2 protein chains.
Amino acid sequence: MHGNVIVGQSGGPTSVINSSLVGVYKTARDRGARTVYGMLHGVKGLLDKQYVDLSAHIRSDLDIDLLKRTPSSFLGSCRYKLPEIREDRETYEKIFRILEELDIEAFFYIGGNDSMDTIKKLSDYAILVSSDIKFMGVPKTIDNDLACTDHTPGYGSAAKYIASVTKEIIRDGLVYDYPVITILEIMGRNAGWLTAATALSAGEDCEGVDMIFLPEVAFDIDAFMEKVKQLCQNKRSVVIAVSEGIKVADGRYVFELKDHVEFVDAFGHKQLQGAAKFLADKVGAELGVKTRAIELSTLQRCASHMTSRVDITEAFQVGGAAVKAAFEGDTGKVVVLDRVSEDPYICTTGTQDVHKIANIEKKVPLEWITRDNTYVSDDLIHYIRPLIQAELSPVMVDGLPRHLRLTL
Amino acid sequence: MHGNVIVGQSGGPTSVINSSLVGVYKTARDRGARTVYGMLHGVKGLLDKQYVDLSAHIRSDLDIDLLKRTPSSFLGSCRYKLPEIREDRETYEKIFRILEELDIEAFFYIGGNDSMDTIKKLSDYAILVSSDIKFMGVPKTIDNDLACTDHTPGYGSAAKYIASVTKEIIRDGLVYDYPVITILEIMGRNAGWLTAATALSAGEDCEGVDMIFLPEVAFDIDAFMEKVKQLCQNKRSVVIAVSEGIKVADGRYVFELKDHVEFVDAFGHKQLQGAAKFLADKVGAELGVKTRAIELSTLQRCASHMTSRVDITEAFQVGGAAVKAAFEGDTGKVVVLDRVSEDPYICTTGTQDVHKIANIEKKVPLEWITRDNTYVSDDLIHYIRPLIQAELSPVMVDGLPRHLRLTL
């Protein structure tokens with residue numbers, strides 16, 4: 001038997017983040033945890049004593065399977081950054097008091113590199129005050145920018161969605177007999193992993209995208225215009241994928257080249273929008289062709305109707321592995337995925353010290369960016385391909401995908 | 001045995017328009033047509049003698065099933081409007097010469113109300129010159145705005161896609177613990193059928209959208225702001241669906257209230273964009289809350305990965321019915337869908353005179369718009385619900401939906 005555990009979700013959701021929640025919940029129950037609590041809106045909600053007994057909300061095996069297919073964070077999320085321990089011990093005392101009241105043996109936090117900062121600080125504080133509570137990070141992010149892991153749960157499904165709809169948009173772009181330039185805007189502030197996934201669209205039945213621009217390298221707007229002009233001479237439909245975070249050499253975002261409203265979140269990230277629109281307007285005005293700007297938008301992180309079974313399974317596994325590790329005494333660690341074989345693709349879980357992961361962004365290696373920074377290498381495509389394999393069909397009820405909703 | 005037939009696709013595609021093409025192709029072959037030609041880019045391509053023998057491109061039953069699942073118009077499309085017969089007989093002489101060279105017995109055109117104008121004029125001209133060629137319209141449009149038919153193939157799948165992703169976006173909007181107002185922009189210039197489909201999101205597992213604004217009624221911006229303010233007082237996440245074509249009382253589109261680039265197509269339709277963005281910016285600035293504008297964009301007409309089996313089956317059937325009618329001597333008609341039973345839902349095909357359908361837009365009846373023009377009635381929801389039922393799973397190859405591509 002084990003004591004009680006608590007699990008929270010933090011940062012932007014993915015379409016499989018609830019599969020990790022289920023992985024934590026089911027594994028903790030199977031391994032003898034007494035009560036599995038869920039904190040509402042992450043550690044921010046916990047500070048307000050907002051939590052639930054998960055067994056009251058996940059009541060059957062059917063609920064478990066619906067939850068795996070439910071987008072957005074079931075427990076709610078937050079973008080709350082804990083203060084430095086030396087600057088504000090009170091917050092930590094409060095959190096640990098609540099955890100002790102709940103008789104918590106292990107604390108699980110499902111999140112990306114910002115959220116892993118929370119695990120780092122809480123586990124550091126536990127050492128400082130000689131607390132026995134274990135703190136484990138469960139990785140998730142569509143951005144795939146976590147260090148020390150082959151890839152991140154959430155990325156495979158986002159990549160599959162992006163590649164699928166890119167194929168559909170490419171077909172759509174060819175419908176008329178006049179030239180159309182389509183610019184797709186893909187999420188990714190500083191890392192181009194998601195935008196790179198548009199390369200998967202190319203194959204026996206699809207031309208693929210013509211150019212791909214990642215934020216890892218400076219965006220050269222003159223070279224871009226020149227290449228678009230060349231492409232237009234040979235092709236009726238040109239489709240270009242750009243990351244929302246592409247920047248010109250002087251460091252300005254492309255969307256900043258025009259006036260735009262900015263929104264800065266709690267972590268100081270600018271909310272981006274409009275690179276594709278800006279470029280489409282410019283191309284349309286200068287080349288006199290019809291252009292379309294399409295933002296794949298929020299659906300990249302919540303299209304649960306199109307997930308990768310590899311991804312959703314791994315999301316479950318990292319949740320389970322975190323529980324297993326904590327129950328065996330690990331703390332201050334993050335579960336990672338190790339690709340032990342390429343062919344066949346085999347991944348196992350491992351753990352890494354949270355200090356090596358928190359607040360670090362893993363970008364696309366420059367050697368995987370090719371053709372004068374306008375495309376990606378076969379190595380990158382081979383890296384992504386196994387992550388989008390197979391499906392987990394939605395449970396369709398009365399014509400629509402069914403979800404599990406938390407009702408309080 | 002029958003002679004040769006020719007089929008074309010026109011106007012904006014739907015995700016099931018190729019199912020109608022297959023319906024024409026397979027039924028014509030099964031009923032003894034010698035050759036089934038496909039015109040490339042509709043009647044515009046035909047004028048340049050651009051056509052193919054479809055049997056060279058649809059080579060197996062597998063191809064037929066892939067084609068049903070392929071987005072965009074397989075044969076390419078056009079937005080070409082035939083001149084008035086009295087103003088330019090030469091164009092008609094040219095078309096009929098080409099059709100006679102090909103020994104065409106029947107001409108099928110898959111399109112919306114603009115495209116049916118082509119069938120009207122060609123069948124009128126056939127009477128004028130005593131030609132035996134039969135001209136039949138096959139309905140398609142995501143807009144559902146064709147007259148004389150219960151609904152239009154293409155609409156059900158678009159409605160299913162819209163309702164599905166609306167559910168996902170609603171879940172996503174609740175992820176944080178601060179207020180977020182999400183404004184969804186849905187296609188629909190003058191008819192609100194697509195936007196109304198967001199109402200299907202409400203159910204046992206989903207709150208649904210809070211307000212729905214259709215282009216059939218004038219958009220009152222002050223009343224809108226007032227209602228948003230009220231909603232914000234009681235709800236953390238507010239989700240509002242607006243049609244791209246909403247207009248204020250003086251006739252200006254909402255997006256025109258701000259400077260925007262306009263693009264006018266061959267039929268004189270303004271290309272719209274930006275109603276949601278405009279409203280989100282306004283709400284954000286005046287109420288000081290976080291807002292998101294999400295355009296569902298092109299995917300509404302090309303998301304073949306999420307189609308309705310009812311829709312894709314009916315799309316096939318209207319193609320087949322057009323061939324059957326033409327081979328029985330009908331001309332100058334459009335195949336329509338008649339809902340002969342509500343419970344269980346049963347639809348049959350019929351035909352209507354093209355003069356009753358061409359160039360006419362069927363809008364959402366005003367009695368189906370409720371709550372001070374901010375929502376839709378249960379009658380409207382009951383009307384749409386059967387059209388989104390059941391699925392036709394994509395054929396997944398190496399992790400992505402497989403399509404059939406026309407290679408020349």
# chains A, B, ... in the order shown; residues from 1 in each chain; ligands from 1
$ select_by_dssp --residues "segment 152-400 of chain B" --states "strand (DSSP E or B)" --output "PyMOL selection string"
chain B and resi 180-186+203+206+211-213+237-243+247+253+264+270+290-295+308+333-341+346-353+369-370+375-376+391+396-397+400
$ select_by_dssp --residues "segment 69-212 of chain B" --states "alpha helix (DSSP H)" --output "MDAnalysis selection string"
chainID B and resid 89:101 113:128 155:173 193:196
$ interface_residues --of "chain B" --to "chain A" --cutoff "6 Å" --atoms "only C-alpha atoms" --output "PDB file with C-alpha atoms, in the first residue's frame"
ATOM      1  CA  SER B  72     -10.838  19.358 -53.193  1.00  0.00           C
ATOM      2  CA  SER B  73     -12.236  18.876 -56.676  1.00  0.00           C
ATOM      3  CA  GLY B  76     -10.145  20.961 -60.696  1.00  0.00           C
ATOM      4  CA  SER B  77     -12.776  23.663 -60.592  1.00  0.00           C
ATOM      5  CA  CYS B  78     -13.561  27.102 -61.976  1.00  0.00           C
ATOM      6  CA  SER B 164     -16.525  18.718 -33.674  1.00  0.00           C
ATOM      7  CA  GLU B 168     -12.653  20.916 -28.881  1.00  0.00           C
ATOM      8  CA  ARG B 171     -12.916  22.555 -23.909  1.00  0.00           C
ATOM      9  CA  ASP B 172      -9.672  24.364 -24.708  1.00  0.00           C
ATOM     10  CA  VAL B 175      -8.137  25.492 -19.541  1.00  0.00           C
ATOM     11  CA  TYR B 176      -6.995  28.552 -17.611  1.00  0.00           C
ATOM     12  CA  ASP B 205     -20.523  16.629 -22.390  1.00  0.00           C
ATOM     13  CA  CYS B 302     -11.613  20.308 -47.217  1.00  0.00           C
ATOM     14  CA  ILE B 388     -23.763  14.707 -39.472  1.00  0.00           C
ATOM     15  CA  GLN B 389     -24.383  11.103 -38.457  1.00  0.00           C
ATOM     16  CA  ALA B 390     -21.840   8.316 -38.791  1.00  0.00           C
ATOM     17  CA  GLY B 399       0.080   7.707 -40.348  1.00  0.00           C
ATOM     18  CA  LEU B 400      -1.771  10.047 -42.714  1.00  0.00           C
ATOM     19  CA  ARG B 405      -4.417  12.528 -56.998  1.00  0.00           C
TER      20      ARG B 405
END
$ closest_residue --among "A:Phe107, A:Tyr125, A:Tyr383, A:Tyr345" --to "Ile85 of chain A" --atoms "only C-alpha atoms"
A:Tyr125
$ atom_distance --atom1 "atom CA of Lys68 of chain A" --atom2 "atom CA of Val52 of chain A"
18.7 Å
$ atom_distance --atom1 "atom CA of Lys282 of chain A" --atom2 "atom CA of Ile162 of chain A"
24.5 Å
$ residues_around --residues "Asp222 of chain A" --least-positions-apart "4" --cutoff "12 Å" --atoms "only C-alpha atoms" --output "ChimeraX atom specification"
/A:218,226-229,248-249,279,282-283,286
$ write_last_selection --atoms "all heavy atoms" --output "PDB file, in the first residue's frame"
ATOM      1  N   ALA A 218      17.505  32.960 -38.996  1.00  0.00           N
ATOM      2  CA  ALA A 218      16.944  34.270 -39.336  1.00  0.00           C
ATOM      3  C   ALA A 218      16.176  34.182 -40.653  1.00  0.00           C
ATOM      4  O   ALA A 218      16.588  33.489 -41.588  1.00  0.00           O
ATOM      5  CB  ALA A 218      18.057  35.304 -39.442  1.00  0.00           C
ATOM      6  N   GLU A 226      12.101  36.481 -53.421  1.00  0.00           N
ATOM      7  CA  GLU A 226      12.741  36.030 -54.643  1.00  0.00           C
ATOM      8  C   GLU A 226      12.363  34.568 -54.941  1.00  0.00           C
ATOM      9  O   GLU A 226      12.002  34.217 -56.072  1.00  0.00           O
ATOM     10  CB  GLU A 226      14.267  36.171 -54.482  1.00  0.00           C
ATOM     11  CG  GLU A 226      15.067  36.091 -55.758  1.00  0.00           C
ATOM     12  CD  GLU A 226      14.484  36.943 -56.880  1.00  0.00           C
ATOM     13  OE1 GLU A 226      14.203  38.158 -56.687  1.00  0.00           O
ATOM     14  OE2 GLU A 226      14.275  36.370 -57.973  1.00  0.00           O
ATOM     15  N   LYS A 227      12.391  33.748 -53.905  1.00  0.00           N
ATOM     16  CA  LYS A 227      12.072  32.324 -54.093  1.00  0.00           C
ATOM     17  C   LYS A 227      10.597  32.119 -54.423  1.00  0.00           C
ATOM     18  O   LYS A 227      10.240  31.249 -55.221  1.00  0.00           O
ATOM     19  CB  LYS A 227      12.457  31.530 -52.851  1.00  0.00           C
ATOM     20  CG  LYS A 227      13.964  31.328 -52.751  1.00  0.00           C
ATOM     21  CD  LYS A 227      14.339  30.314 -51.683  1.00  0.00           C
ATOM     22  CE  LYS A 227      15.818  30.400 -51.360  1.00  0.00           C
ATOM     23  NZ  LYS A 227      16.670  29.645 -52.295  1.00  0.00           N
ATOM     24  N   VAL A 228       9.737  32.916 -53.816  1.00  0.00           N
ATOM     25  CA  VAL A 228       8.311  32.814 -54.121  1.00  0.00           C
ATOM     26  C   VAL A 228       8.086  33.162 -55.593  1.00  0.00           C
ATOM     27  O   VAL A 228       7.337  32.480 -56.304  1.00  0.00           O
ATOM     28  CB  VAL A 228       7.472  33.737 -53.202  1.00  0.00           C
ATOM     29  CG1 VAL A 228       6.020  33.775 -53.660  1.00  0.00           C
ATOM     30  CG2 VAL A 228       7.553  33.270 -51.751  1.00  0.00           C
ATOM     31  N   LYS A 229       8.768  34.217 -56.033  1.00  0.00           N
ATOM     32  CA  LYS A 229       8.650  34.633 -57.431  1.00  0.00           C
ATOM     33  C   LYS A 229       9.050  33.491 -58.371  1.00  0.00           C
ATOM     34  O   LYS A 229       8.365  33.192 -59.346  1.00  0.00           O
ATOM     35  CB  LYS A 229       9.556  35.859 -57.670  1.00  0.00           C
ATOM     36  CG  LYS A 229       8.925  36.914 -58.560  1.00  0.00           C
ATOM     37  CD  LYS A 229       9.832  38.126 -58.742  1.00  0.00           C
ATOM     38  CE  LYS A 229       9.884  39.000 -57.491  1.00  0.00           C
ATOM     39  NZ  LYS A 229      10.801  40.167 -57.661  1.00  0.00           N
ATOM     40  N   VAL A 248      13.358  38.229 -38.316  1.00  0.00           N
ATOM     41  CA  VAL A 248      14.372  38.720 -39.246  1.00  0.00           C
ATOM     42  C   VAL A 248      15.698  38.875 -38.494  1.00  0.00           C
ATOM     43  O   VAL A 248      15.751  38.717 -37.270  1.00  0.00           O
ATOM     44  CB  VAL A 248      13.939  40.051 -39.916  1.00  0.00           C
ATOM     45  CG1 VAL A 248      12.779  39.787 -40.876  1.00  0.00           C
ATOM     46  CG2 VAL A 248      13.550  41.095 -38.888  1.00  0.00           C
ATOM     47  N   ALA A 249      16.753  39.176 -39.231  1.00  0.00           N
ATOM     48  CA  ALA A 249      18.108  39.143 -38.657  1.00  0.00           C
ATOM     49  C   ALA A 249      18.271  40.085 -37.462  1.00  0.00           C
ATOM     50  O   ALA A 249      19.032  39.798 -36.539  1.00  0.00           O
ATOM     51  CB  ALA A 249      19.131  39.467 -39.745  1.00  0.00           C
ATOM     52  N   LEU A 279       2.978  38.128 -44.504  1.00  0.00           N
ATOM     53  CA  LEU A 279       3.671  37.668 -45.718  1.00  0.00           C
ATOM     54  C   LEU A 279       2.698  37.508 -46.890  1.00  0.00           C
ATOM     55  O   LEU A 279       3.027  37.848 -48.027  1.00  0.00           O
ATOM     56  CB  LEU A 279       4.408  36.350 -45.443  1.00  0.00           C
ATOM     57  CG  LEU A 279       5.588  36.455 -44.469  1.00  0.00           C
ATOM     58  CD1 LEU A 279       6.125  35.073 -44.125  1.00  0.00           C
ATOM     59  CD2 LEU A 279       6.698  37.351 -45.031  1.00  0.00           C
ATOM     60  N   LYS A 282       1.952  40.873 -48.278  1.00  0.00           N
ATOM     61  CA  LYS A 282       3.116  41.400 -49.002  1.00  0.00           C
ATOM     62  C   LYS A 282       3.266  40.712 -50.371  1.00  0.00           C
ATOM     63  O   LYS A 282       3.440  41.380 -51.393  1.00  0.00           O
ATOM     64  CB  LYS A 282       4.377  41.168 -48.152  1.00  0.00           C
ATOM     65  CG  LYS A 282       5.660  41.764 -48.734  1.00  0.00           C
ATOM     66  CD  LYS A 282       6.808  41.643 -47.732  1.00  0.00           C
ATOM     67  CE  LYS A 282       8.153  41.922 -48.377  1.00  0.00           C
ATOM     68  NZ  LYS A 282       8.339  43.346 -48.723  1.00  0.00           N
ATOM     69  N   VAL A 283       3.153  39.407 -50.388  1.00  0.00           N
ATOM     70  CA  VAL A 283       3.277  38.669 -51.650  1.00  0.00           C
ATOM     71  C   VAL A 283       2.147  39.075 -52.603  1.00  0.00           C
ATOM     72  O   VAL A 283       2.373  39.313 -53.792  1.00  0.00           O
ATOM     73  CB  VAL A 283       3.255  37.137 -51.399  1.00  0.00           C
ATOM     74  CG1 VAL A 283       3.076  36.379 -52.707  1.00  0.00           C
ATOM     75  CG2 VAL A 283       4.527  36.700 -50.695  1.00  0.00           C
ATOM     76  N   GLU A 286       2.872  42.623 -53.938  1.00  0.00           N
ATOM     77  CA  GLU A 286       4.047  42.787 -54.799  1.00  0.00           C
ATOM     78  C   GLU A 286       4.030  41.907 -56.040  1.00  0.00           C
ATOM     79  O   GLU A 286       4.552  42.273 -57.077  1.00  0.00           O
ATOM     80  CB  GLU A 286       5.336  42.544 -53.993  1.00  0.00           C
ATOM     81  CG  GLU A 286       5.519  43.620 -52.917  1.00  0.00           C
ATOM     82  CD  GLU A 286       6.852  43.507 -52.172  1.00  0.00           C
ATOM     83  OE1 GLU A 286       7.801  42.899 -52.707  1.00  0.00           O
ATOM     84  OE2 GLU A 286       6.917  44.043 -51.051  1.00  0.00           O
TER      85      GLU A 286
END
$ atom_distance --atom1 "atom CA of Thr27 of chain B" --atom2 "atom CA of Val323 of chain B"
6.6 Å
